[in-house]
Amino acid sequence: MKHKDLLGIKDLSRGELTEILDLATYMRDIIDRGEKDNSLRGKNVATLFYENSTRTRNSFELAAKNLGATTTSVSVAVSSVQKGESLVDTGKTLDALGMDAMIIRHQVAGAPRLLAETVRASVLNAGDGMNEHPTQALLDLMTALRHFDSLAGLKVVIVGDIKHSRVARSNVEAFGKMGAFVTLCAPYTLLPEMVERLGAKYETDLDTAIAGADIVMPLRLQLERMNQALFPSIEEYHKFYGITSKRLKLASPDAIVMHPGPINREAEIAGDVADGDKSVIEEQVTNGVAVRMAVLKLLIEARN
Ligand code: CP
C-alpha cells in the first residue's frame with residue numbers, strides 16, 4: 001500500500017483492503033501469542049480526538065505500543081485548542097514535535113483530509129462527522145472473514161440510524177468492494193436524503209430486510225447528532241427496529257451479529273442478543289487492535 005494517509009475506504013482498492021486484512025491476521029496471531037512486533041520502534045504516534053471514544057482511541061494507542069512506537073495523546077479539552085488554536089496549527093505543532101502519524105477523530109466531515117493536506121505525518125481518520133470510519137469497517141471485514149470463508153455473495157443488513165452513521169458509509173464501501181450485498185434498514189426519518197447514492201439497497205421493514213441475512217449489524221441512535229425528534233420513543237423504536245432473539249430467527253441459521261459499539265441495550269439491540277452466542281461484538285474490539293497495527297505499520301513504513 002503506497003498511501004501517505006488513511007482517510008476513507010473510498011480511497012482503497014479491493015487489493016489494498018486484502019493487503020491490510022492479511023497483515024491484520026498476522027498481527028492478530030501476534031496478539032494471541034502475547035507477543036509484540038517492534039517494527040515501529042523509534043516512531044512517534046499522536047492521537048487527537050475532538051469527539052469521545054473508548055474503543056478506537058484505546059485500540060489505536062495499544063496498537064502503536066504493540067509495534068514499539070511511542071504514543072502521545074492530545075487531550076483536546078485541556079490543549080491549546082481551547083485557546084483558539086486551529087486544527088491546521090495544531091497539526092503543524094505535532095509535525096514539529098516529530099510525529100510520524102496523527103490519528104484524528106473530528107465532528108466535522110473532511111477534517112482529517114484537511115489535516116493530511118497540511119502535515120508531513122501520516123494521518124489516520126478515526127471517524128469524521130457523518131463521513132467515514134475506515135478502521136471500523138476494516139475490523140468489521142476482518143471479523144466477518146473469521147466466520148465466513150469469503151465475503152462474496154454474503155447478505156449484510158445494517159439496521160438503525162443510517163442517516164448519521166459514518167460506520168454505515170464505510171461499511172457499504174468495504175463490504176461492497178469484497179463482493180457482499182448490503183441492505184440498509186431504517187425508518188425513512190433515519191435514512192439519508194438520496195440514500196440510493198450510498199450504493200446499497202434500502203428497506204424500511206426490518207422483518208423483510210433481515211430475512212436470510214448472514215450478518216446483522218445494528219447501529220446506535222446518534223442522539224447527539226439529531227436536532228429534532230426522528231422517532232417517537234426508544235420503546236417504539238426497539239419494537240420496530242430493535243434486534244431481538246425472535247427477529248434474529250428470520251436471519252440465516254449461521255448469522256452473526258456485529259455492532260461497532262457503544263451499544264444501547266433495549267434500544268437498537270436486546271441485551272440477550274448482545275450477550276448471545278451469535279454476537280461477535282467483543283471479537284470486533286480485539287480485531288480492532290490487529291487492524292490498527294496493520295494500518296499503522298503499512299502507512300508509516302511507506303513514508304520511509
Ligand atoms: N466504534 C467506535 O468508534 O467506538 P468508539 O466511539 O468507542 O471509539
# chains A, B, ... in the order shown; residues from 1 in each chain; ligands from 1
>>> residues_near_ligand(ligand="ligand 1", cutoff="9 Å", atoms="only C-alpha atoms and all ligand atoms", output="PyMOL selection string")
chain A and resi 51-59+105+126-127+133+135-136+167+259-262+285
>>> write_last_selection(atoms="N, CA and C atoms", output="short mmCIF file (atom, residue, chain, number, x, y, z; two decimals), in the first residue's frame")
data_model
loop_
_atom_site.label_atom_id
_atom_site.label_comp_id
_atom_site.auth_asym_id
_atom_site.auth_seq_id
_atom_site.Cartn_x
_atom_site.Cartn_y
_atom_site.Cartn_z
N GLU A 51 -13.78 14.24 19.54
CA GLU A 51 -15.05 13.61 19.97
C GLU A 51 -14.71 12.46 20.89
N ASN A 52 -15.65 12.06 21.71
CA ASN A 52 -15.43 10.96 22.66
C ASN A 52 -15.17 9.64 21.96
N SER A 53 -14.44 8.78 22.63
CA SER A 53 -14.16 7.44 22.10
C SER A 53 -13.67 6.55 23.23
N THR A 54 -14.07 5.30 23.21
CA THR A 54 -13.45 4.30 24.09
C THR A 54 -12.66 3.32 23.24
N ARG A 55 -13.34 2.65 22.30
CA ARG A 55 -12.71 1.58 21.51
C ARG A 55 -11.61 2.10 20.59
N THR A 56 -11.93 3.08 19.77
CA THR A 56 -11.00 3.49 18.71
C THR A 56 -9.73 4.09 19.31
N ARG A 57 -9.91 4.98 20.24
CA ARG A 57 -8.74 5.65 20.83
C ARG A 57 -7.82 4.65 21.55
N ASN A 58 -8.41 3.84 22.41
CA ASN A 58 -7.58 2.91 23.19
C ASN A 58 -6.95 1.84 22.30
N SER A 59 -7.67 1.39 21.28
CA SER A 59 -7.08 0.34 20.44
C SER A 59 -5.99 0.91 19.55
N ARG A 105 -9.96 12.03 15.31
CA ARG A 105 -11.42 11.94 15.26
C ARG A 105 -11.96 13.36 15.38
N ALA A 126 -10.00 8.52 12.33
CA ALA A 126 -10.63 7.69 13.37
C ALA A 126 -12.11 8.01 13.48
N GLY A 127 -12.68 8.59 12.42
CA GLY A 127 -14.09 8.94 12.39
C GLY A 127 -14.26 10.43 12.22
N HIS A 133 -15.43 6.07 8.73
CA HIS A 133 -14.73 5.50 9.90
C HIS A 133 -14.00 4.25 9.36
N THR A 135 -11.20 2.49 9.82
CA THR A 135 -10.66 1.34 10.57
C THR A 135 -11.78 0.51 11.19
N GLN A 136 -12.95 1.13 11.46
CA GLN A 136 -14.08 0.33 11.94
C GLN A 136 -14.52 -0.64 10.84
N VAL A 167 -20.06 4.81 10.12
CA VAL A 167 -19.79 3.37 10.06
C VAL A 167 -20.57 2.75 8.90
N HIS A 259 -21.69 -5.22 15.99
CA HIS A 259 -22.11 -3.86 16.41
C HIS A 259 -20.82 -3.07 16.62
N PRO A 260 -20.74 -1.87 16.04
CA PRO A 260 -19.49 -1.10 16.21
C PRO A 260 -19.29 -0.61 17.64
N GLY A 261 -20.39 -0.56 18.42
CA GLY A 261 -20.29 0.00 19.76
C GLY A 261 -20.22 1.52 19.71
N PRO A 262 -20.53 2.21 20.79
CA PRO A 262 -21.09 1.64 22.01
C PRO A 262 -22.53 1.18 21.81
N VAL A 285 -13.80 -5.88 18.86
CA VAL A 285 -12.91 -4.97 19.60
C VAL A 285 -11.46 -5.49 19.55
#
>>> residues_around(residues="A:Thr93", least_positions_apart="3", cutoff="12 Å", atoms="only C-alpha atoms", output="count of residues only")
21
>>> select_by_dssp(residues="stretch 73-137 of chain A", states="strand (DSSP E or B)", output="list in words")
Ser73, Val74, Ala101, Met102, Ile103, Ile104, Arg105, His106, Ser122, Val123, Leu124, Asn125, Ala126, Gly127, Asp128 and Glu132 of chain A
>>> closest_residue(among="A:Asn66, A:Val216, A:Pro192, A:Ser233", to="A:Gly34", atoms="only C-alpha atoms")
A:Asn66
>>> closest_atom_pairs(of="stretch 151-234 of chain A", to="stretch 277-283 of chain A", cutoff="12 Å", atoms="only C-alpha atoms", output="JSON lines")
{"residue": "A:Asp214", "atom": "CA", "partner": "A:Lys278", "partner_atom": "CA", "distance": 10.7}
{"residue": "A:Ile215", "atom": "CA", "partner": "A:Lys278", "partner_atom": "CA", "distance": 9.8}
{"residue": "A:Val216", "atom": "CA", "partner": "A:Ser279", "partner_atom": "CA", "distance": 9.5}
{"residue": "A:Met217", "atom": "CA", "partner": "A:Ile281", "partner_atom": "CA", "distance": 9.9}
{"residue": "A:Pro218", "atom": "CA", "partner": "A:Ile281", "partner_atom": "CA", "distance": 11.0}
>>> write_last_selection(atoms="all heavy atoms", output="short mmCIF file (atom, residue, chain, number, x, y, z; two decimals), in the first residue's frame")
data_model
loop_
_atom_site.label_atom_id
_atom_site.label_comp_id
_atom_site.auth_asym_id
_atom_site.auth_seq_id
_atom_site.Cartn_x
_atom_site.Cartn_y
_atom_site.Cartn_z
N ASP A 214 -26.82 -12.95 6.53
CA ASP A 214 -25.65 -13.61 7.11
C ASP A 214 -25.02 -12.77 8.21
O ASP A 214 -24.46 -13.30 9.17
CB ASP A 214 -24.60 -13.86 6.01
CG ASP A 214 -25.14 -14.72 4.90
OD1 ASP A 214 -25.40 -15.91 5.16
OD2 ASP A 214 -25.33 -14.20 3.78
N ILE A 215 -25.07 -11.45 8.03
CA ILE A 215 -24.50 -10.53 9.01
C ILE A 215 -25.56 -9.48 9.35
O ILE A 215 -26.11 -8.83 8.45
CB ILE A 215 -23.23 -9.84 8.48
CG1 ILE A 215 -22.14 -10.89 8.19
CG2 ILE A 215 -22.72 -8.78 9.46
CD1 ILE A 215 -20.89 -10.34 7.53
N VAL A 216 -25.85 -9.34 10.64
CA VAL A 216 -26.82 -8.35 11.10
C VAL A 216 -26.07 -7.34 11.94
O VAL A 216 -25.40 -7.70 12.92
CB VAL A 216 -27.93 -9.02 11.93
CG1 VAL A 216 -28.93 -7.98 12.42
CG2 VAL A 216 -28.63 -10.11 11.12
N MET A 217 -26.12 -6.07 11.54
CA MET A 217 -25.33 -5.04 12.21
C MET A 217 -26.23 -3.88 12.66
O MET A 217 -26.49 -2.96 11.88
CB MET A 217 -24.23 -4.51 11.27
CG MET A 217 -23.26 -3.53 11.91
SD MET A 217 -22.12 -2.80 10.71
CE MET A 217 -21.19 -4.21 10.16
N PRO A 218 -26.73 -3.92 13.89
CA PRO A 218 -27.49 -2.77 14.39
C PRO A 218 -26.56 -1.61 14.72
O PRO A 218 -25.40 -1.81 15.09
CB PRO A 218 -28.16 -3.31 15.66
CG PRO A 218 -27.35 -4.48 16.08
CD PRO A 218 -26.63 -5.01 14.87
#
>>> residues_around(residues="A:Ser252", least_positions_apart="2", cutoff="9 Å", atoms="only C-alpha atoms", output="list in words")
Ile210, Ala211, Gly212, Ala213, Asp214, Ile215, Leu248, Lys249, Leu250, Asp254, Ala255 and Ile256 of chain A
>>> write_last_selection(atoms="N, CA and C atoms", output="compact mmCIF listing (two decimals), in the first residue's frame")
# COMPACT_ATOMS: atom_id res chain seq x y z
N ILE A 210 -34.13 -8.47 7.20
CA ILE A 210 -33.29 -9.42 7.94
C ILE A 210 -33.44 -10.85 7.42
N ALA A 211 -34.47 -11.09 6.61
CA ALA A 211 -34.74 -12.46 6.15
C ALA A 211 -33.53 -13.03 5.42
N GLY A 212 -32.96 -14.10 5.93
CA GLY A 212 -31.84 -14.78 5.29
C GLY A 212 -30.50 -14.08 5.44
N ALA A 213 -30.41 -13.05 6.28
CA ALA A 213 -29.15 -12.28 6.39
C ALA A 213 -28.05 -13.13 7.02
N ASP A 214 -26.82 -12.95 6.53
CA ASP A 214 -25.65 -13.61 7.11
C ASP A 214 -25.02 -12.77 8.21
N ILE A 215 -25.07 -11.45 8.03
CA ILE A 215 -24.50 -10.53 9.01
C ILE A 215 -25.56 -9.48 9.35
N LEU A 248 -34.11 -12.36 15.13
CA LEU A 248 -32.89 -12.99 14.61
C LEU A 248 -33.17 -14.36 14.01
N LYS A 249 -34.26 -14.98 14.42
CA LYS A 249 -34.63 -16.29 13.87
C LYS A 249 -34.95 -16.19 12.37
N LEU A 250 -35.25 -14.97 11.89
CA LEU A 250 -35.54 -14.79 10.46
C LEU A 250 -34.26 -14.77 9.62
N ASP A 254 -26.73 -19.49 10.40
CA ASP A 254 -25.33 -19.23 10.77
C ASP A 254 -25.03 -17.74 10.91
N ALA A 255 -26.05 -16.93 11.00
CA ALA A 255 -25.83 -15.47 11.03
C ALA A 255 -25.03 -15.05 12.26
N ILE A 256 -24.26 -13.99 12.09
CA ILE A 256 -23.56 -13.37 13.22
C ILE A 256 -24.11 -11.95 13.41
>>> closest_residue(among="A:Leu141, A:Leu296, A:Lys83, A:Lys10", to="A:Leu198", atoms="only C-alpha atoms")
A:Lys10
>>> atom_distance(atom1="atom CA of A:Val291", atom2="atom CA of A:Thr25")
8.0 Å
>>> closest_residue(among="A:Leu230, A:Leu223, A:Ala290, A:Met142", to="A:Ala63", atoms="only C-alpha atoms")
A:Ala290
>>> residues_around(residues="A:Asp32", least_positions_apart="4", cutoff="12 Å", atoms="only C-alpha atoms", output="MDAnalysis selection string")
chainID A and resid 25:28 36 286:287 289:290
>>> closest_residue(among="A:Leu298, A:Val257, A:Ala101, A:Gly276", to="A:His147", atoms="only C-alpha atoms")
A:Val257
>>> select_by_dssp(residues="stretch 115-231 of chain A", states="alpha helix (DSSP H)", output="PyMOL selection string")
chain A and resi 115-118+134-145+166-177+206-210
>>> residues_around(residues="stretch 39-41 of chain A", least_positions_apart="6", cutoff="7 Å", atoms="only C-alpha atoms", output="ChimeraX atom specification")
/A:67-69,297
>>> residues_around(residues="stretch 14-17 of chain A", least_positions_apart="4", cutoff="7 Å", atoms="only C-alpha atoms", output="MDAnalysis selection string")
chainID A and resid 1 21 177:178
>>> write_last_selection(atoms="all heavy atoms", output="PDB file, in the first residue's frame")
ATOM      1  N   MET A   1       0.855  -1.191   0.000  1.00  0.00           N
ATOM      2  CA  MET A   1       0.000   0.000   0.000  1.00  0.00           C
ATOM      3  C   MET A   1       0.892   1.243   0.000  1.00  0.00           C
ATOM      4  O   MET A   1       1.775   1.342   0.830  1.00  0.00           O
ATOM      5  CB  MET A   1      -0.886  -0.017   1.249  1.00  0.00           C
ATOM      6  CG  MET A   1      -2.065   0.882   1.156  1.00  0.00           C
ATOM      7  SD  MET A   1      -3.237   0.623   2.488  1.00  0.00           S
ATOM      8  CE  MET A   1      -2.499   1.552   3.818  1.00  0.00           C
ATOM      9  N   LEU A  21      -5.930  -6.623   5.457  1.00  0.00           N
ATOM     10  CA  LEU A  21      -6.552  -7.722   6.215  1.00  0.00           C
ATOM     11  C   LEU A  21      -5.576  -8.876   6.420  1.00  0.00           C
ATOM     12  O   LEU A  21      -5.561  -9.505   7.488  1.00  0.00           O
ATOM     13  CB  LEU A  21      -7.822  -8.194   5.502  1.00  0.00           C
ATOM     14  CG  LEU A  21      -8.951  -7.153   5.445  1.00  0.00           C
ATOM     15  CD1 LEU A  21     -10.063  -7.611   4.517  1.00  0.00           C
ATOM     16  CD2 LEU A  21      -9.501  -6.869   6.846  1.00  0.00           C
ATOM     17  N   LYS A 177     -16.959  -3.692  -1.825  1.00  0.00           N
ATOM     18  CA  LYS A 177     -15.722  -3.987  -2.567  1.00  0.00           C
ATOM     19  C   LYS A 177     -15.316  -5.456  -2.427  1.00  0.00           C
ATOM     20  O   LYS A 177     -14.645  -6.004  -3.293  1.00  0.00           O
ATOM     21  CB  LYS A 177     -14.580  -3.079  -2.090  1.00  0.00           C
ATOM     22  CG  LYS A 177     -14.694  -1.675  -2.687  1.00  0.00           C
ATOM     23  CD  LYS A 177     -13.629  -0.715  -2.235  1.00  0.00           C
ATOM     24  CE  LYS A 177     -13.827   0.613  -2.963  1.00  0.00           C
ATOM     25  NZ  LYS A 177     -13.035   1.718  -2.455  1.00  0.00           N
ATOM     26  N   MET A 178     -15.752  -6.093  -1.333  1.00  0.00           N
ATOM     27  CA  MET A 178     -15.421  -7.507  -1.124  1.00  0.00           C
ATOM     28  C   MET A 178     -16.490  -8.440  -1.701  1.00  0.00           C
ATOM     29  O   MET A 178     -16.439  -9.652  -1.505  1.00  0.00           O
ATOM     30  CB  MET A 178     -15.246  -7.789   0.376  1.00  0.00           C
ATOM     31  CG  MET A 178     -14.158  -6.954   1.039  1.00  0.00           C
ATOM     32  SD  MET A 178     -12.519  -7.110   0.289  1.00  0.00           S
ATOM     33  CE  MET A 178     -12.009  -8.693   0.938  1.00  0.00           C
TER      34      MET A 178
END
